[in-house]
$ cat input.cif   # mmCIF, C-alpha atoms and all ligand atoms
data_my_file
#
loop_
_atom_site.label_atom_id
_atom_site.label_comp_id
_atom_site.auth_asym_id
_atom_site.auth_seq_id
_atom_site.Cartn_x
_atom_site.Cartn_y
_atom_site.Cartn_z
CA MET B 1 -90.24 22.42 6.26
CA THR B 2 -91.85 19.39 7.83
CA THR B 3 -92.42 19.75 11.56
CA THR B 4 -91.86 16.36 13.09
CA LYS B 5 -93.53 15.53 16.36
CA ALA B 6 -91.15 14.40 19.06
CA THR B 7 -92.47 10.85 19.40
CA ARG B 8 -90.43 8.13 21.11
CA MET B 9 -89.35 6.91 17.67
CA VAL B 10 -88.32 10.36 16.44
CA ARG B 11 -86.47 11.17 19.66
CA ALA B 12 -84.48 7.92 19.45
CA CYS B 13 -83.62 8.69 15.80
CA ARG B 14 -82.27 12.03 16.96
CA ARG B 15 -80.34 10.40 19.83
CA GLU B 16 -82.42 12.31 22.37
CA PRO B 17 -83.37 10.70 25.72
CA VAL B 18 -86.35 8.33 25.65
CA ASP B 19 -88.31 6.58 28.42
CA ARG B 20 -88.17 3.25 26.55
CA ILE B 21 -86.50 1.80 23.46
CA PRO B 22 -88.95 2.20 20.55
CA VAL B 23 -89.87 -0.87 18.50
CA TRP B 24 -91.36 -1.68 15.10
CA MET B 25 -90.62 -4.33 12.48
CA MET B 26 -89.80 -4.26 8.80
CA ARG B 27 -92.59 -6.01 6.83
CA GLN B 28 -94.81 -5.77 9.87
CA ALA B 29 -97.79 -5.53 7.50
CA GLY B 30 -97.45 -8.73 5.53
CA ARG B 31 -98.38 -12.27 4.77
CA TYR B 32 -97.88 -13.62 8.30
CA MET B 33 -100.95 -11.63 9.47
CA PRO B 34 -104.48 -13.06 9.07
CA GLU B 35 -105.84 -9.52 8.56
CA TYR B 36 -103.44 -9.06 5.63
CA GLN B 37 -104.36 -12.45 4.14
CA GLU B 38 -107.98 -11.33 4.34
CA LEU B 39 -107.18 -8.11 2.44
CA ARG B 40 -105.26 -10.15 -0.16
CA ARG B 41 -108.34 -12.30 -0.77
CA LYS B 42 -110.06 -9.11 -1.94
CA ALA B 43 -107.23 -7.69 -4.07
CA ASP B 44 -103.82 -8.56 -5.46
CA PHE B 45 -100.70 -6.96 -3.98
CA LEU B 46 -100.37 -4.11 -6.51
CA THR B 47 -104.05 -3.24 -6.20
CA LEU B 48 -103.56 -2.97 -2.42
CA CYS B 49 -100.56 -0.68 -2.94
CA ARG B 50 -102.54 1.52 -5.33
CA ASP B 51 -105.75 1.74 -3.31
CA PRO B 52 -105.17 4.37 -0.58
CA ALA B 53 -107.99 3.06 1.65
CA LEU B 54 -106.78 -0.56 1.52
CA ALA B 55 -103.10 0.40 1.84
CA ALA B 56 -103.93 2.53 4.89
CA GLN B 57 -105.87 -0.37 6.36
CA ALA B 58 -102.92 -2.76 5.92
CA THR B 59 -100.59 -0.33 7.73
CA LEU B 60 -103.07 0.37 10.52
CA ASP B 61 -104.05 -3.29 11.11
CA ALA B 62 -100.41 -4.21 11.71
CA ALA B 63 -99.61 -1.24 13.97
CA ARG B 64 -102.77 -1.84 15.99
CA TYR B 65 -102.24 -5.59 16.40
CA LEU B 66 -98.55 -5.28 17.28
CA ASP B 67 -98.89 -2.01 19.24
CA THR B 68 -95.61 -0.72 17.82
CA ASP B 69 -94.10 2.75 18.22
CA ALA B 70 -94.04 3.19 14.45
CA ALA B 71 -96.03 2.12 11.42
CA ILE B 72 -94.63 1.83 7.91
CA ILE B 73 -96.68 2.84 4.91
CA PHE B 74 -97.94 -0.09 2.85
CA SER B 75 -96.31 0.22 -0.56
CA ASP B 76 -93.31 -1.22 -2.41
CA ILE B 77 -89.89 0.03 -3.45
CA THR B 78 -90.65 -0.87 -7.08
CA LEU B 79 -93.56 1.59 -7.57
CA PRO B 80 -91.22 4.41 -8.75
CA ALA B 81 -89.87 2.03 -11.44
CA ALA B 82 -93.43 1.75 -12.78
CA ALA B 83 -93.67 5.56 -12.68
CA LEU B 84 -90.46 5.64 -14.76
CA GLY B 85 -92.27 3.57 -17.39
CA GLN B 86 -91.50 -0.10 -16.71
CA ALA B 87 -94.46 -2.48 -16.59
CA LEU B 88 -94.67 -3.85 -13.02
CA THR B 89 -96.20 -7.16 -11.97
CA PHE B 90 -95.67 -9.47 -8.97
CA GLU B 91 -95.26 -13.22 -9.44
CA PRO B 92 -94.78 -13.14 -6.38
CA GLY B 93 -91.51 -11.12 -6.55
CA PRO B 94 -91.42 -7.95 -8.69
CA ARG B 95 -91.14 -8.28 -12.48
CA LEU B 96 -90.16 -5.12 -14.39
CA ALA B 97 -90.34 -5.00 -18.18
CA PRO B 98 -88.55 -4.18 -20.34
CA ALA B 99 -85.37 -4.69 -18.30
CA ILE B 100 -82.92 -1.77 -18.52
CA ARG B 101 -79.64 -2.73 -20.22
CA THR B 102 -78.50 0.17 -22.47
CA PHE B 103 -78.19 3.97 -22.61
CA ASP B 104 -81.21 4.05 -24.90
CA ASP B 105 -83.22 2.15 -22.27
CA VAL B 106 -82.23 4.77 -19.67
CA LYS B 107 -83.07 7.63 -22.06
CA ALA B 108 -86.48 6.08 -22.80
CA LEU B 109 -87.51 6.28 -19.12
CA LYS B 110 -90.35 8.71 -18.51
CA LYS B 111 -90.14 11.99 -16.69
CA VAL B 112 -91.75 11.49 -13.29
CA ASP B 113 -94.03 13.89 -11.45
CA VAL B 114 -94.26 12.21 -8.04
CA ARG B 115 -97.46 13.99 -7.05
CA ARG B 116 -99.20 12.77 -10.21
CA ASP B 117 -97.52 9.40 -10.76
CA LEU B 118 -97.17 8.28 -7.14
CA GLY B 119 -100.13 10.24 -5.77
CA VAL B 120 -101.81 7.03 -4.54
CA VAL B 121 -98.95 6.48 -2.08
CA LEU B 122 -99.21 10.08 -0.86
CA GLU B 123 -102.97 9.74 -0.41
CA ALA B 124 -102.45 6.49 1.54
CA ILE B 125 -100.03 8.40 3.78
CA ARG B 126 -102.54 11.20 4.42
CA ARG B 127 -105.26 8.70 5.32
CA THR B 128 -102.96 6.61 7.49
CA ARG B 129 -101.60 9.63 9.37
CA ALA B 130 -105.14 10.88 10.05
CA ALA B 131 -106.13 7.53 11.61
CA LEU B 132 -102.90 6.73 13.45
CA PRO B 133 -102.53 7.70 17.15
CA PRO B 134 -100.26 10.77 17.40
CA GLU B 135 -97.66 8.93 19.49
CA VAL B 136 -97.11 6.41 16.68
CA SER B 137 -94.65 7.60 14.03
CA LEU B 138 -95.42 6.99 10.37
CA ILE B 139 -92.46 5.83 8.30
CA GLY B 140 -92.28 6.47 4.58
CA PHE B 141 -89.74 4.65 2.43
CA VAL B 142 -87.97 4.34 -0.89
CA GLY B 143 -85.52 1.91 -2.38
CA ALA B 144 -82.02 3.37 -2.31
CA PRO B 145 -80.81 4.22 -5.85
CA ALA B 146 -78.51 1.22 -6.42
CA THR B 147 -81.01 -1.27 -5.07
CA LEU B 148 -83.94 -0.03 -7.13
CA ALA B 149 -81.68 0.23 -10.21
CA ALA B 150 -80.64 -3.40 -9.63
CA TYR B 151 -84.30 -4.50 -9.78
CA MET B 152 -84.81 -2.41 -12.94
CA VAL B 153 -81.81 -4.02 -14.64
CA GLU B 154 -82.64 -7.56 -13.58
CA GLY B 155 -86.31 -7.32 -14.59
CA LYS B 156 -86.80 -10.76 -13.12
CA PRO B 157 -84.58 -10.99 -10.05
CA ASP B 158 -83.23 -14.46 -9.21
CA GLY B 159 -81.22 -13.48 -6.15
CA ASN B 160 -77.82 -13.43 -7.92
CA TRP B 161 -78.00 -9.92 -9.45
CA LEU B 162 -75.86 -11.15 -12.36
CA GLU B 163 -77.28 -8.77 -14.98
CA PHE B 164 -76.83 -5.81 -12.64
CA ARG B 165 -73.29 -6.81 -11.65
CA LYS B 166 -72.40 -7.38 -15.32
CA LEU B 167 -73.70 -3.91 -16.22
CA VAL B 168 -71.86 -2.25 -13.32
CA TYR B 169 -68.48 -3.65 -14.47
CA GLY B 170 -69.10 -3.92 -18.23
CA ALA B 171 -70.96 -0.67 -18.88
CA PRO B 172 -70.38 1.46 -15.78
CA LYS B 173 -71.58 4.66 -17.46
CA VAL B 174 -74.97 3.08 -18.25
CA ALA B 175 -75.27 1.79 -14.68
CA GLU B 176 -74.40 5.20 -13.27
CA ALA B 177 -76.79 7.04 -15.61
CA LEU B 178 -79.61 4.76 -14.45
CA ILE B 179 -78.71 5.11 -10.75
CA GLU B 180 -78.63 8.89 -11.21
CA ARG B 181 -82.14 8.93 -12.74
CA VAL B 182 -83.43 6.68 -9.98
CA ALA B 183 -81.81 8.88 -7.32
CA GLU B 184 -83.72 11.94 -8.60
CA VAL B 185 -87.03 10.10 -8.50
CA VAL B 186 -86.61 8.44 -5.10
CA ALA B 187 -85.39 11.72 -3.57
CA ALA B 188 -88.50 13.50 -4.84
CA HIS B 189 -90.73 10.62 -3.73
CA ALA B 190 -89.22 10.53 -0.24
CA ALA B 191 -89.60 14.31 0.12
CA ALA B 192 -93.23 14.13 -1.03
CA GLN B 193 -93.90 11.37 1.53
CA LEU B 194 -92.62 13.64 4.30
CA ASP B 195 -94.79 16.47 2.98
CA ALA B 196 -97.81 14.13 2.97
CA GLY B 197 -97.39 13.34 6.68
CA CYS B 198 -94.62 10.82 7.25
CA ASP B 199 -92.50 11.53 10.32
CA VAL B 200 -89.44 9.53 9.27
CA VAL B 201 -88.20 8.17 5.95
CA GLN B 202 -86.20 4.97 5.39
CA LEU B 203 -83.96 4.09 2.44
CA PHE B 204 -83.84 0.35 1.72
CA ASP B 205 -80.47 -0.58 0.21
CA THR B 206 -81.20 -4.29 0.43
CA SER B 207 -78.84 -5.38 -2.35
CA ALA B 208 -75.98 -2.85 -1.99
CA GLY B 209 -73.93 -5.44 -0.06
CA GLU B 210 -73.67 -7.55 -3.24
CA LEU B 211 -71.20 -5.05 -4.70
CA PRO B 212 -67.42 -5.01 -4.13
CA SER B 213 -65.99 -2.19 -2.00
CA SER B 214 -65.19 0.21 -4.87
CA GLU B 215 -68.68 0.06 -6.43
CA LEU B 216 -70.41 -0.14 -3.06
CA LYS B 217 -68.78 3.17 -2.16
CA GLY B 218 -68.67 4.78 -5.61
CA LEU B 219 -72.25 3.94 -6.61
CA ALA B 220 -74.48 2.64 -3.81
CA PHE B 221 -73.20 4.79 -0.94
CA ALA B 222 -72.49 7.84 -3.12
CA TYR B 223 -76.04 8.05 -4.47
CA ALA B 224 -77.64 7.13 -1.14
CA ARG B 225 -75.66 10.02 0.36
CA GLN B 226 -77.00 12.35 -2.34
CA VAL B 227 -80.62 11.36 -1.62
CA ILE B 228 -80.10 11.76 2.14
CA ALA B 229 -78.52 15.21 1.67
CA GLY B 230 -81.49 16.30 -0.44
CA LEU B 231 -83.86 15.36 2.41
CA LYS B 232 -81.97 17.29 5.12
CA PRO B 233 -83.94 20.56 4.66
CA LYS B 234 -87.14 18.66 5.58
CA GLY B 235 -85.80 18.23 9.10
CA ALA B 236 -87.20 14.70 9.50
CA PRO B 237 -85.03 11.75 10.56
CA VAL B 238 -83.67 9.53 7.77
CA VAL B 239 -82.89 5.82 8.26
CA TYR B 240 -80.45 3.97 5.99
CA PHE B 241 -80.86 0.17 5.88
CA ALA B 242 -78.44 -2.09 4.07
CA ARG B 243 -77.67 -5.80 4.27
CA ASP B 244 -74.29 -7.51 4.36
CA ILE B 245 -72.24 -4.36 4.87
CA GLY B 246 -70.53 -5.41 8.11
CA GLY B 247 -67.15 -4.68 6.53
CA HIS B 248 -68.19 -1.10 5.77
CA LEU B 249 -70.03 0.04 8.89
CA GLU B 250 -67.99 3.24 9.27
CA ALA B 251 -68.70 4.33 5.70
CA ALA B 252 -72.41 3.44 6.01
CA ALA B 253 -72.66 5.42 9.26
CA ASP B 254 -71.15 8.42 7.51
CA LEU B 255 -73.75 8.84 4.74
CA GLY B 256 -75.60 11.59 6.60
CA ALA B 257 -78.52 9.43 7.78
CA ASP B 258 -79.67 9.87 11.38
CA VAL B 259 -80.06 6.11 11.82
CA LEU B 260 -78.12 3.14 10.48
CA ALA B 261 -80.31 -0.01 10.35
CA LEU B 262 -78.38 -3.27 10.52
CA ASP B 263 -79.08 -6.83 9.48
CA TRP B 264 -78.43 -9.62 12.01
CA LYS B 265 -75.03 -10.63 10.69
CA VAL B 266 -73.22 -7.92 12.61
CA SER B 267 -73.74 -7.62 16.38
CA ILE B 268 -74.94 -4.43 18.03
CA SER B 269 -71.89 -4.70 20.37
CA GLU B 270 -69.55 -4.62 17.41
CA ALA B 271 -71.41 -1.74 15.75
CA LYS B 272 -71.32 0.15 19.07
CA ALA B 273 -67.58 -0.47 19.47
CA ARG B 274 -66.85 0.68 15.93
CA LEU B 275 -69.29 3.59 15.62
CA GLY B 276 -69.79 4.86 19.17
CA ASN B 277 -72.62 7.36 19.25
CA SER B 278 -71.90 8.88 15.85
CA VAL B 279 -75.29 7.70 14.55
CA ALA B 280 -78.41 6.05 16.03
CA LEU B 281 -78.64 2.31 15.40
CA MET B 282 -81.66 0.18 14.50
CA GLY B 283 -81.97 -3.59 14.45
CA ASN B 284 -81.31 -6.39 14.40
CA LEU B 285 -83.04 -9.57 15.61
CA GLU B 286 -82.64 -12.44 13.14
CA PRO B 287 -86.18 -12.87 11.67
CA ALA B 288 -85.98 -16.69 11.89
CA VAL B 289 -85.84 -16.39 15.71
CA LEU B 290 -89.55 -15.51 15.46
CA LEU B 291 -90.15 -19.07 14.20
CA THR B 292 -88.95 -20.57 17.53
CA SER B 293 -90.61 -19.93 20.90
CA VAL B 294 -91.77 -17.10 23.11
CA GLU B 295 -88.90 -17.92 25.54
CA GLU B 296 -86.21 -17.84 22.86
CA ILE B 297 -87.57 -14.57 21.43
CA ASP B 298 -87.58 -12.99 24.89
CA ARG B 299 -84.02 -14.18 25.55
CA ARG B 300 -82.67 -12.83 22.25
CA VAL B 301 -84.48 -9.51 22.62
CA GLN B 302 -82.87 -9.06 26.05
CA GLN B 303 -79.46 -9.89 24.62
CA ILE B 304 -79.76 -7.21 21.92
CA LEU B 305 -81.04 -4.66 24.45
CA GLN B 306 -78.03 -5.41 26.68
CA GLU B 307 -75.69 -4.91 23.75
CA ALA B 308 -77.39 -1.58 23.03
CA GLU B 309 -76.82 -0.30 26.61
CA GLY B 310 -75.03 3.03 26.48
CA LEU B 311 -76.14 3.92 22.97
CA HIS B 312 -77.83 7.32 22.85
CA GLY B 313 -80.12 6.34 20.02
CA PHE B 314 -81.39 2.78 19.57
CA ILE B 315 -84.53 1.50 17.85
CA PHE B 316 -85.46 -2.16 18.10
CA ASN B 317 -86.26 -3.90 14.82
CA LEU B 318 -85.56 -7.14 13.05
CA GLY B 319 -82.48 -7.53 10.87
CA HIS B 320 -84.81 -7.82 7.85
CA GLY B 321 -88.54 -8.31 7.26
CA VAL B 322 -90.96 -10.53 9.20
CA LEU B 323 -91.00 -13.94 7.45
CA PRO B 324 -94.36 -15.21 6.11
CA PRO B 325 -94.46 -18.36 8.34
CA THR B 326 -94.09 -16.27 11.53
CA PRO B 327 -96.87 -16.91 14.08
CA PRO B 328 -98.50 -13.49 14.69
CA ALA B 329 -98.24 -14.00 18.45
CA HIS B 330 -94.47 -14.35 18.08
CA ALA B 331 -94.24 -11.02 16.24
CA ARG B 332 -96.26 -9.53 19.05
CA GLN B 333 -93.88 -11.14 21.57
CA VAL B 334 -90.99 -9.11 20.16
CA VAL B 335 -92.87 -5.91 20.91
CA ASP B 336 -93.93 -7.10 24.38
CA SER B 337 -90.36 -8.13 25.25
CA VAL B 338 -88.93 -4.76 24.15
CA LYS B 339 -91.58 -2.97 26.20
CA ARG B 340 -90.76 -5.09 29.26
CA HIS B 341 -86.98 -5.00 29.06
CA GLY B 342 -86.27 -1.83 27.11
CA VAL B 343 -87.16 0.69 29.82
CA ARG B 344 -84.42 3.23 30.32
CA THR B 345 -83.49 3.81 33.94
CA ARG B 346 -81.48 6.93 33.09
CA GLY B 347 -82.27 9.66 30.65
CA VAL B 348 -86.04 9.60 31.00
CA ALA B 349 -87.46 12.28 28.71
O1 LIG B 401 -94.72 -3.75 6.30
C1 LIG B 401 -93.88 -3.18 5.59
O2 LIG B 401 -92.64 -3.29 5.77
C2 LIG B 401 -94.36 -2.20 4.55
C3 LIG B 401 -94.43 -2.58 3.23
C4 LIG B 401 -93.23 -3.02 2.39
C5 LIG B 401 -93.40 -3.98 1.36
N1 LIG B 401 -92.24 -4.02 0.65
C6 LIG B 401 -94.62 -4.74 1.13
C7 LIG B 401 -94.56 -6.01 0.42
C8 LIG B 401 -91.92 -2.55 2.32
C9 LIG B 401 -91.20 -1.57 3.22
C10 LIG B 401 -91.31 -3.18 1.21
C11 LIG B 401 -89.93 -2.90 0.76
C12 LIG B 401 -89.34 -3.73 -0.28
N2 LIG B 401 -89.96 -4.26 -1.38
C13 LIG B 401 -87.97 -4.06 -0.35
C14 LIG B 401 -86.90 -3.61 0.62
C15 LIG B 401 -86.84 -4.40 1.84
C16 LIG B 401 -86.73 -5.88 1.69
O3 LIG B 401 -87.65 -6.58 2.10
O4 LIG B 401 -85.70 -6.35 1.17
C17 LIG B 401 -87.79 -4.85 -1.49
C18 LIG B 401 -86.48 -5.44 -1.95
C19 LIG B 401 -89.06 -4.96 -2.15
C20 LIG B 401 -89.36 -5.68 -3.40
C21 LIG B 401 -90.28 -6.81 -3.17
N3 LIG B 401 -91.62 -6.69 -2.88
C22 LIG B 401 -89.97 -8.21 -3.23
C23 LIG B 401 -88.60 -8.78 -3.51
C24 LIG B 401 -91.16 -8.90 -2.98
C25 LIG B 401 -91.40 -10.39 -3.05
C26 LIG B 401 -90.77 -11.18 -2.01
C27 LIG B 401 -91.41 -11.00 -0.65
O5 LIG B 401 -90.66 -10.86 0.31
O6 LIG B 401 -92.63 -11.03 -0.56
C28 LIG B 401 -92.17 -7.93 -2.71
C29 LIG B 401 -93.58 -8.21 -2.37
C30 LIG B 401 -94.13 -7.56 -1.15
N4 LIG B 401 -93.82 -6.29 -0.72
C31 LIG B 401 -95.10 -8.12 -0.26
C32 LIG B 401 -95.38 -7.16 0.71
C33 LIG B 401 -96.38 -7.25 1.82
C34 LIG B 401 -95.75 -9.50 -0.40
C35 LIG B 401 -96.85 -9.35 -1.38
C36 LIG B 401 -97.87 -10.45 -1.32
O7 LIG B 401 -97.64 -11.47 -1.95
O8 LIG B 401 -98.91 -10.24 -0.66
#
$ encode --input "input.cif" --output "structure tokens"
Amino acid sequence: MTTTKATRMVRACRREPVDRIPVWMMRQAGRYMPEYQELRRKADFLTLCRDPALAAQATLDAARYLDTDAAIIFSDITLPAAALGQALTFEPGPRLAPAIRTFDDVKALKKVDVRRDLGVVLEAIRRTRAALPPEVSLIGFVGAPATLAAYMVEGKPDGNWLEFRKLVYGAPKVAEALIERVAEVVAAHAAAQLDAGCDVVQLFDTSAGELPSSELKGLAFAYARQVIAGLKPKGAPVVYFARDIGGHLEAAADLGADVLALDWKVSISEAKARLGNSVALMGNLEPAVLLTSVEEIDRRVQQILQEAEGLHGFIFNLGHGVLPPTPPAHARQVVDSVKRHGVRTRGVA
């Protein structure tokens, strides 16, 4: 059993009282940061992911510069697909070959031992945790089963997910067999990340919202629920992030995750009205707001914090990752604004 320290981030995930709303940002370690660009001059993206010292440095540089309440491990959701036997390259998005299209392709996937095949990620976690201040939570992550399966089927994603959608409707048993295999691997990988020192784990279901209601629920949500249930005995908070699921908030909040992370297309007020305090919420500043001005960022942060008033558990984040053209000072402004305006007058821990 993982013993999770009661940091501000972990307490908010558990809907326990906090002195201030915690804040971190998806893709906080990325191309918008000069320190990251410097690392990338030394090594390509996959080399960074597979070098525990460099991966730890990428995570730590971002958390230190931004002074966030949480850091996310530097890795990628596609690494388990490489462990399953697909050749992985980035150009600059992930390419996975050969693409999975048939039962035989699913059967040909390798058996994965996460400690052996994804040991570099676990070592990066150990190093990062050892160097990170104790009050900063370390977040591990995996792609949710349907989202990672979609990348594996597409091979060369173009944003339309046509091969994946075709497989889901035309050969549903193949799609489900693949999602089931992926679910086993990501569940084991997420559990191993908690064992290695992560305090929280996040499932990224970035493309689940592409599916119609029946498949969203029958495949994406069903297998995400299975992964989340498998992590329960670890005792660490689990975050479920999906995009474009505003029509299905109630079902997404009911998957067993401690936290539902929202994109910016649904307001926190609406989520609060529909979900109450059944789950902690995370989100959801539109990342393009960071391309405007310090004043606009501050205004929009305050607006989201006002909407979140009364929620027992709220974690400030963006509605998706930090965009590459973001001025670093503007990313930092998000954190500063949350720290200034996100102080809780009641319920101080
Ligand atoms: O700071 C962090 O959030 C931690 C690291 C992280 C990365 N990818 C690093 C990365 C995390 C949590 C991810 C998750 C991820 N990866 C997702 C889910 C969330 C999301 O953003 O939708 C997905 C779908 C992927 C797959 C992936 N990786 C894509 C589609 C791309 C290319 C497009 C893009 O946004 O860059 C990547 C590359 C990638 N992953 C980079 C980084 C820092 C850029 C690599 C580079 O060129 O230096």
$ closest_residue --input "input.cif" --among "B:Ala224, B:Ile179, B:Leu216, B:Ala99" --to "Gln86 (chain B)" --atoms "all atoms listed in the file"
B:Ala99
$ residues_around --input "input.cif" --residues "region 297-311 of chain B" --least-positions-apart "6" --cutoff "7 Å" --atoms "only C-alpha atoms" --output "PyMOL selection string"
chain B and resi 268-269+277+289-290+334+337-338+341-342
$ closest_residue --input "input.cif" --among "B:Arg340, B:Arg126, B:Arg274, B:Arg27" --to "His320 (chain B)" --atoms "all atoms listed in the file"
B:Arg27
$ residues_around --input "input.cif" --residues "Tyr32 (chain B)" --least-positions-apart "4" --cutoff "6 Å" --atoms "only C-alpha atoms" --output "VMD selection string"
chain B and resid 324 to 326
$ write_last_selection --input "input.cif" --atoms "C-alpha atoms" --output "CSV table (one decimal), keeping the file's coordinate frame"
chain,number,residue,atom,x,y,z
B,324,PRO,CA,-94.4,-15.2,6.1
B,325,PRO,CA,-94.5,-18.4,8.3
B,326,THR,CA,-94.1,-16.3,11.5
$ residues_near_ligand --input "input.cif" --ligand "ligand LIG 401 (chain B)" --cutoff "7 Å" --atoms "all atoms listed in the file" --output "list in words"
Met26, Arg27, Gln28, Ala29, Gly30, Arg31, Arg40, Phe45, Thr59, Ile72, Ile73, Phe74, Ser75, Asp76, Ile77, Thr78, Pro92, Gly93, Pro94, Phe141, Gly143, Phe204, Thr206, His320 and Gly321 of chain B
$ write_last_selection --input "input.cif" --atoms "C-alpha atoms" --output "PDB file, in the coordinates of the input"
ATOM      1  CA  MET B  26     -89.800  -4.260   8.800  1.00  0.00           C
ATOM      2  CA  ARG B  27     -92.590  -6.010   6.830  1.00  0.00           C
ATOM      3  CA  GLN B  28     -94.810  -5.770   9.870  1.00  0.00           C
ATOM      4  CA  ALA B  29     -97.790  -5.530   7.500  1.00  0.00           C
ATOM      5  CA  GLY B  30     -97.450  -8.730   5.530  1.00  0.00           C
ATOM      6  CA  ARG B  31     -98.380 -12.270   4.770  1.00  0.00           C
ATOM      7  CA  ARG B  40    -105.260 -10.150  -0.160  1.00  0.00           C
ATOM      8  CA  PHE B  45    -100.700  -6.960  -3.980  1.00  0.00           C
ATOM      9  CA  THR B  59    -100.590  -0.330   7.730  1.00  0.00           C
ATOM     10  CA  ILE B  72     -94.630   1.830   7.910  1.00  0.00           C
ATOM     11  CA  ILE B  73     -96.680   2.840   4.910  1.00  0.00           C
ATOM     12  CA  PHE B  74     -97.940  -0.090   2.850  1.00  0.00           C
ATOM     13  CA  SER B  75     -96.310   0.220  -0.560  1.00  0.00           C
ATOM     14  CA  ASP B  76     -93.310  -1.220  -2.410  1.00  0.00           C
ATOM     15  CA  ILE B  77     -89.890   0.030  -3.450  1.00  0.00           C
ATOM     16  CA  THR B  78     -90.650  -0.870  -7.080  1.00  0.00           C
ATOM     17  CA  PRO B  92     -94.780 -13.140  -6.380  1.00  0.00           C
ATOM     18  CA  GLY B  93     -91.510 -11.120  -6.550  1.00  0.00           C
ATOM     19  CA  PRO B  94     -91.420  -7.950  -8.690  1.00  0.00           C
ATOM     20  CA  PHE B 141     -89.740   4.650   2.430  1.00  0.00           C
ATOM     21  CA  GLY B 143     -85.520   1.910  -2.380  1.00  0.00           C
ATOM     22  CA  PHE B 204     -83.840   0.350   1.720  1.00  0.00           C
ATOM     23  CA  THR B 206     -81.200  -4.290   0.430  1.00  0.00           C
ATOM     24  CA  HIS B 320     -84.810  -7.820   7.850  1.00  0.00           C
ATOM     25  CA  GLY B 321     -88.540  -8.310   7.260  1.00  0.00           C
TER      26      GLY B 321
END
$ residues_near_point --input "input.cif" --point "(-104.3, 6.9, -0.4)" --cutoff "9 Å" --atoms "only C-alpha atoms" --output "ChimeraX atom specification"
/B:49-56,119-128
$ closest_residue --input "input.cif" --among "B:Gly85, B:Gly256, B:Pro80, B:Pro17" --to "Lys232 (chain B)" --atoms "all atoms listed in the file"
B:Gly256
$ decode --input "input.cif" --residues "region 152-162 of chain B" --atoms "N, CA, C and O atoms" --output "mmCIF file, in the first residue's frame"
data_model
loop_
_atom_site.group_PDB
_atom_site.id
_atom_site.type_symbol
_atom_site.label_atom_id
_atom_site.label_comp_id
_atom_site.auth_asym_id
_atom_site.auth_seq_id
_atom_site.Cartn_x
_atom_site.Cartn_y
_atom_site.Cartn_z
ATOM 1 N N MET B 152 -2.580 3.634 -31.185
ATOM 2 C CA MET B 152 -1.986 2.395 -31.701
ATOM 3 C C MET B 152 -2.635 1.964 -33.011
ATOM 4 O O MET B 152 -1.995 1.377 -33.871
ATOM 5 N N VAL B 153 -3.926 2.259 -33.153
ATOM 6 C CA VAL B 153 -4.647 1.909 -34.375
ATOM 7 C C VAL B 153 -4.317 2.901 -35.491
ATOM 8 O O VAL B 153 -4.098 2.523 -36.637
ATOM 9 N N GLU B 154 -4.266 4.170 -35.148
ATOM 10 C CA GLU B 154 -3.974 5.188 -36.160
ATOM 11 C C GLU B 154 -2.547 5.049 -36.693
ATOM 12 O O GLU B 154 -2.311 5.207 -37.884
ATOM 13 N N GLY B 155 -1.600 4.796 -35.803
ATOM 14 C CA GLY B 155 -0.199 4.719 -36.224
ATOM 15 C C GLY B 155 0.374 6.087 -36.530
ATOM 16 O O GLY B 155 1.446 6.440 -36.063
ATOM 17 N N LYS B 156 -0.390 6.847 -37.287
ATOM 18 C CA LYS B 156 0.072 8.175 -37.701
ATOM 19 C C LYS B 156 -1.115 9.112 -37.535
ATOM 20 O O LYS B 156 -1.837 9.395 -38.491
ATOM 21 N N PRO B 157 -1.380 9.567 -36.324
ATOM 22 C CA PRO B 157 -2.623 10.297 -36.077
ATOM 23 C C PRO B 157 -2.702 11.592 -36.877
ATOM 24 O O PRO B 157 -1.720 12.317 -36.993
ATOM 25 N N ASP B 158 -3.888 11.868 -37.456
ATOM 26 C CA ASP B 158 -4.064 13.116 -38.209
ATOM 27 C C ASP B 158 -5.143 13.985 -37.574
ATOM 28 O O ASP B 158 -5.583 14.966 -38.169
ATOM 29 N N GLY B 159 -5.589 13.599 -36.371
ATOM 30 C CA GLY B 159 -6.566 14.429 -35.680
ATOM 31 C C GLY B 159 -8.009 14.014 -35.943
ATOM 32 O O GLY B 159 -8.913 14.488 -35.270
ATOM 33 N N ASN B 160 -8.244 13.135 -36.922
ATOM 34 C CA ASN B 160 -9.620 12.718 -37.228
ATOM 35 C C ASN B 160 -9.985 11.360 -36.633
ATOM 36 O O ASN B 160 -11.155 11.015 -36.547
ATOM 37 N N TRP B 161 -8.998 10.559 -36.279
ATOM 38 C CA TRP B 161 -9.217 9.247 -35.668
ATOM 39 C C TRP B 161 -10.078 8.343 -36.558
ATOM 40 O O TRP B 161 -10.833 7.519 -36.056
ATOM 41 N N LEU B 162 -9.953 8.494 -37.877
ATOM 42 C CA LEU B 162 -10.835 7.731 -38.768
ATOM 43 C C LEU B 162 -10.585 6.235 -38.728
ATOM 44 O O LEU B 162 -11.530 5.442 -38.758
#
